[in-house]
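Engineer: Below is one structure. I have some questions about it.
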Amino acid sequence: MSHLVPLISDLAMILTLAGLATILCKKLNQPLILGYMMAGFLASPHFSLLPNVIDSDNITVWSDIGVIFILFDLGLDYNFNKIKSTANTAIIAAVTEFTGIACLGFACAQLLGWSLTDSIFTGCMLTMSSTAVVSKTLGELNLLKQAFAPIAFGILVLEDISGIIMMVVLSTVAAAGSAISPLSMLESIGLLVFFLIICFIIGIYFLPTFFKKTRQYFNDETLLIVSLGLCLSMVVLASKMGFSSALGAFLMGTLLSGTIYTRRTKVLLEPVKNLFSGIFFVSVGMIVDPSVVSG
């Protein structure tokens, strides 16, 4: 077990610090995310008064799992019918936000004298949001059931999809100067459409039938294992097709939201999500470097 010692010691330190920091934040009526990030900073190499995390790569992997489970849990609340009901508003808001922020970021970069390519990258990067942070914050404020929440998450999903296309375009620009290959863009969009069709077929025809025919064999343990297995399988499929793991996790959550086990799956997933999402926010705090701010 010697190879497990660094990971175990790292987890012991960051979970202990996270527990104490979140208790302090609760006492001061501050967001839990602030406590997690504070714990991450205290465990990072940028803070020398305490032992630092030994194997940061393992912590990064755990934090990636945290994002996956946050988006999977979020998807369980938003099935295709709910997304469809808010689609028009979300599309208008997403296009307005994306265009406005991208143009503003591009203009600011140009005023700073940056090159055309750097300005394009800056404008596009500023359009990206963290669904994990938004979900955690709204959950703490008990706002997930409010009318605006489905619209907000619809916008975030559209941002993830636009981000996939944007990464293809930007990578093409970076590789070929200013020449953008229409073929690469069409290929990426085609893959995305194909991926969404696969998800639709799985959610409509396969999963509901599977759960109905096997419901007599399910207990809590089996349900949790099967649900997480399906989630991670969709993440693998999404990654193999060049899409983000977060998008795959969210889509599997929306697919499972149409089954008979939605509520029970959310209850069983809660402690698992809390553990890994906590590590994710701790890892965010670990990359905070005060010297960058002071410099």
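If you're wondering about the labels, chains in the structure tokens are A, B, ... by order shown, residues count from 1 in each chain, ligands from 1 in order shown.
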Could you give me, as a PyMOL selection string, the residues within 6 Å of Ala18 of chain A, counting only C-alpha atoms and dropping anything in the same chain fewer than 4 positions from it?
Structural biologist: chain A and resi 14+22+36+39
Engineer: The selected residues should be written to file as a short mmCIF file (atom, residue, chain, number, x, y, z; two decimals), in the first residue's frame (atoms: N, CA and C atoms).
Structural biologist:
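Ended up saving to out-v4.cif:
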data_model
loop_
_atom_site.label_atom_id
_atom_site.label_comp_id
_atom_site.auth_asym_id
_atom_site.auth_seq_id
_atom_site.Cartn_x
_atom_site.Cartn_y
_atom_site.Cartn_z
N ILE A 14 -6.53 17.78 2.95
CA ILE A 14 -7.45 18.71 2.31
C ILE A 14 -8.87 18.56 2.84
N THR A 22 -15.13 25.17 6.03
CA THR A 22 -16.57 25.30 5.76
C THR A 22 -17.35 25.56 7.05
N TYR A 36 -13.99 26.07 0.76
CA TYR A 36 -13.23 25.06 0.01
C TYR A 36 -12.00 25.68 -0.65
N ALA A 39 -9.34 26.39 1.90
CA ALA A 39 -8.64 25.15 2.26
C ALA A 39 -7.64 24.77 1.18
#
Engineer: List as a list in words the protein and nucleic acid residues near segment 208-213 of chain A, meaning an atom at most 10 Å away when only C-alpha atoms are counted, but skip any in the same chain fewer than 6 places from it.
Structural biologist: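 What passes the distance filter is Ile202, Leu223, Leu255, Leu256, Ser257, Gly258, Thr259, Ile260 and Tyr261 of chain A.
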Engineer: Excluding same-chain residues fewer than 3 positions from Ser283 of chain A, what lies within 6 Å of it counting only C-alpha atoms, as a VMD selection string?
Structural biologist: chain A and resid 40 280 286
Engineer: As an exercise, work out the distance from atom CA of Pro6 of chain A to atom CA of Val284 of chain A in Å and give it to one decimal place.
Structural biologist: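 We find that atom CA of Pro6 of chain A and atom CA of Val284 of chain A lie 19.6 Å from each other.
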Engineer: As a PDB file with all heavy atoms, in the first residue's frame, please: the residues near segment 100-107 of chain A (cut-off 9 Å, only C-alpha atoms, same-chain neighbours under 6 positions excluded).
Structural biologist:
ATOM      1  N   LEU A 116      -4.480  40.428 -33.432  1.00  0.00           N
ATOM      2  CA  LEU A 116      -5.835  40.028 -33.808  1.00  0.00           C
ATOM      3  C   LEU A 116      -6.172  38.640 -33.253  1.00  0.00           C
ATOM      4  O   LEU A 116      -7.258  38.426 -32.699  1.00  0.00           O
ATOM      5  CB  LEU A 116      -5.974  40.038 -35.333  1.00  0.00           C
ATOM      6  CG  LEU A 116      -7.332  39.586 -35.889  1.00  0.00           C
ATOM      7  CD1 LEU A 116      -8.431  40.521 -35.430  1.00  0.00           C
ATOM      8  CD2 LEU A 116      -7.283  39.513 -37.419  1.00  0.00           C
ATOM      9  N   ASP A 118      -4.780  37.033 -30.656  1.00  0.00           N
ATOM     10  CA  ASP A 118      -4.891  37.095 -29.196  1.00  0.00           C
ATOM     11  C   ASP A 118      -6.206  37.736 -28.770  1.00  0.00           C
ATOM     12  O   ASP A 118      -6.813  37.332 -27.777  1.00  0.00           O
ATOM     13  CB  ASP A 118      -3.717  37.876 -28.604  1.00  0.00           C
ATOM     14  CG  ASP A 118      -2.403  37.118 -28.726  1.00  0.00           C
ATOM     15  OD1 ASP A 118      -2.454  35.887 -28.945  1.00  0.00           O
ATOM     16  OD2 ASP A 118      -1.346  37.750 -28.617  1.00  0.00           O
ATOM     17  N   SER A 119      -6.647  38.730 -29.504  1.00  0.00           N
ATOM     18  CA  SER A 119      -7.902  39.399 -29.178  1.00  0.00           C
ATOM     19  C   SER A 119      -9.093  38.482 -29.373  1.00  0.00           C
ATOM     20  O   SER A 119     -10.028  38.462 -28.557  1.00  0.00           O
ATOM     21  CB  SER A 119      -8.063  40.651 -30.050  1.00  0.00           C
ATOM     22  OG  SER A 119      -7.014  41.569 -29.831  1.00  0.00           O
ATOM     23  N   ILE A 120      -9.063  37.680 -30.456  1.00  0.00           N
ATOM     24  CA  ILE A 120     -10.142  36.718 -30.701  1.00  0.00           C
ATOM     25  C   ILE A 120     -10.187  35.677 -29.581  1.00  0.00           C
ATOM     26  O   ILE A 120     -11.254  35.353 -29.049  1.00  0.00           O
ATOM     27  CB  ILE A 120      -9.957  36.037 -32.071  1.00  0.00           C
ATOM     28  CG1 ILE A 120     -10.134  37.060 -33.198  1.00  0.00           C
ATOM     29  CG2 ILE A 120     -10.948  34.893 -32.242  1.00  0.00           C
ATOM     30  CD1 ILE A 120      -9.827  36.510 -34.581  1.00  0.00           C
ATOM     31  N   PHE A 121      -9.023  35.159 -29.216  1.00  0.00           N
ATOM     32  CA  PHE A 121      -8.956  34.177 -28.136  1.00  0.00           C
ATOM     33  C   PHE A 121      -9.488  34.765 -26.838  1.00  0.00           C
ATOM     34  O   PHE A 121     -10.237  34.111 -26.100  1.00  0.00           O
ATOM     35  CB  PHE A 121      -7.510  33.708 -27.940  1.00  0.00           C
ATOM     36  CG  PHE A 121      -7.132  32.526 -28.777  1.00  0.00           C
ATOM     37  CD1 PHE A 121      -6.920  32.664 -30.140  1.00  0.00           C
ATOM     38  CD2 PHE A 121      -6.992  31.276 -28.212  1.00  0.00           C
ATOM     39  CE1 PHE A 121      -6.577  31.577 -30.920  1.00  0.00           C
ATOM     40  CE2 PHE A 121      -6.637  30.180 -28.983  1.00  0.00           C
ATOM     41  CZ  PHE A 121      -6.425  30.328 -30.345  1.00  0.00           C
ATOM     42  N   THR A 122      -9.114  36.009 -26.535  1.00  0.00           N
ATOM     43  CA  THR A 122      -9.552  36.646 -25.292  1.00  0.00           C
ATOM     44  C   THR A 122     -11.062  36.793 -25.252  1.00  0.00           C
ATOM     45  O   THR A 122     -11.710  36.464 -24.247  1.00  0.00           O
ATOM     46  CB  THR A 122      -8.888  38.030 -25.143  1.00  0.00           C
ATOM     47  OG1 THR A 122      -7.470  37.884 -25.147  1.00  0.00           O
ATOM     48  CG2 THR A 122      -9.324  38.702 -23.851  1.00  0.00           C
ATOM     49  N   GLY A 123     -11.640  37.306 -26.337  1.00  0.00           N
ATOM     50  CA  GLY A 123     -13.092  37.477 -26.380  1.00  0.00           C
ATOM     51  C   GLY A 123     -13.835  36.173 -26.211  1.00  0.00           C
ATOM     52  O   GLY A 123     -14.831  36.100 -25.466  1.00  0.00           O
ATOM     53  N   CYS A 124     -13.358  35.120 -26.868  1.00  0.00           N
ATOM     54  CA  CYS A 124     -14.028  33.812 -26.761  1.00  0.00           C
ATOM     55  C   CYS A 124     -13.865  33.195 -25.375  1.00  0.00           C
ATOM     56  O   CYS A 124     -14.804  32.607 -24.830  1.00  0.00           O
ATOM     57  CB  CYS A 124     -13.484  32.868 -27.824  1.00  0.00           C
ATOM     58  SG  CYS A 124     -13.924  33.316 -29.513  1.00  0.00           S
ATOM     59  N   MET A 125     -12.700  33.340 -24.791  1.00  0.00           N
ATOM     60  CA  MET A 125     -12.462  32.766 -23.456  1.00  0.00           C
ATOM     61  C   MET A 125     -13.359  33.401 -22.398  1.00  0.00           C
ATOM     62  O   MET A 125     -13.819  32.736 -21.472  1.00  0.00           O
ATOM     63  CB  MET A 125     -10.993  32.946 -23.070  1.00  0.00           C
ATOM     64  CG  MET A 125     -10.039  32.037 -23.833  1.00  0.00           C
ATOM     65  SD  MET A 125      -8.309  32.431 -23.508  1.00  0.00           S
ATOM     66  CE  MET A 125      -8.222  32.204 -21.720  1.00  0.00           C
ATOM     67  N   LEU A 126     -13.635  34.691 -22.543  1.00  0.00           N
ATOM     68  CA  LEU A 126     -14.460  35.389 -21.556  1.00  0.00           C
ATOM     69  C   LEU A 126     -15.924  34.949 -21.598  1.00  0.00           C
ATOM     70  O   LEU A 126     -16.678  35.223 -20.662  1.00  0.00           O
ATOM     71  CB  LEU A 126     -14.368  36.899 -21.783  1.00  0.00           C
ATOM     72  CG  LEU A 126     -13.022  37.556 -21.441  1.00  0.00           C
ATOM     73  CD1 LEU A 126     -13.031  39.028 -21.822  1.00  0.00           C
ATOM     74  CD2 LEU A 126     -12.704  37.390 -19.956  1.00  0.00           C
ATOM     75  N   THR A 127     -16.330  34.291 -22.663  1.00  0.00           N
ATOM     76  CA  THR A 127     -17.728  33.853 -22.763  1.00  0.00           C
ATOM     77  C   THR A 127     -18.005  32.582 -21.966  1.00  0.00           C
ATOM     78  O   THR A 127     -19.159  32.230 -21.753  1.00  0.00           O
ATOM     79  CB  THR A 127     -18.114  33.593 -24.229  1.00  0.00           C
ATOM     80  OG1 THR A 127     -17.307  32.512 -24.751  1.00  0.00           O
ATOM     81  CG2 THR A 127     -17.888  34.826 -25.077  1.00  0.00           C
TER      82      THR A 127
END
Engineer: Considering only C-alpha atoms, return as a VMD selection string whatever protein or nucleic-acid residues lie within 9 Å of Asp220 of chain A, sequence-local ones (same chain, fewer than 5 positions apart) excluded.
Structural biologist: chain A and resid 225 264 to 265 268
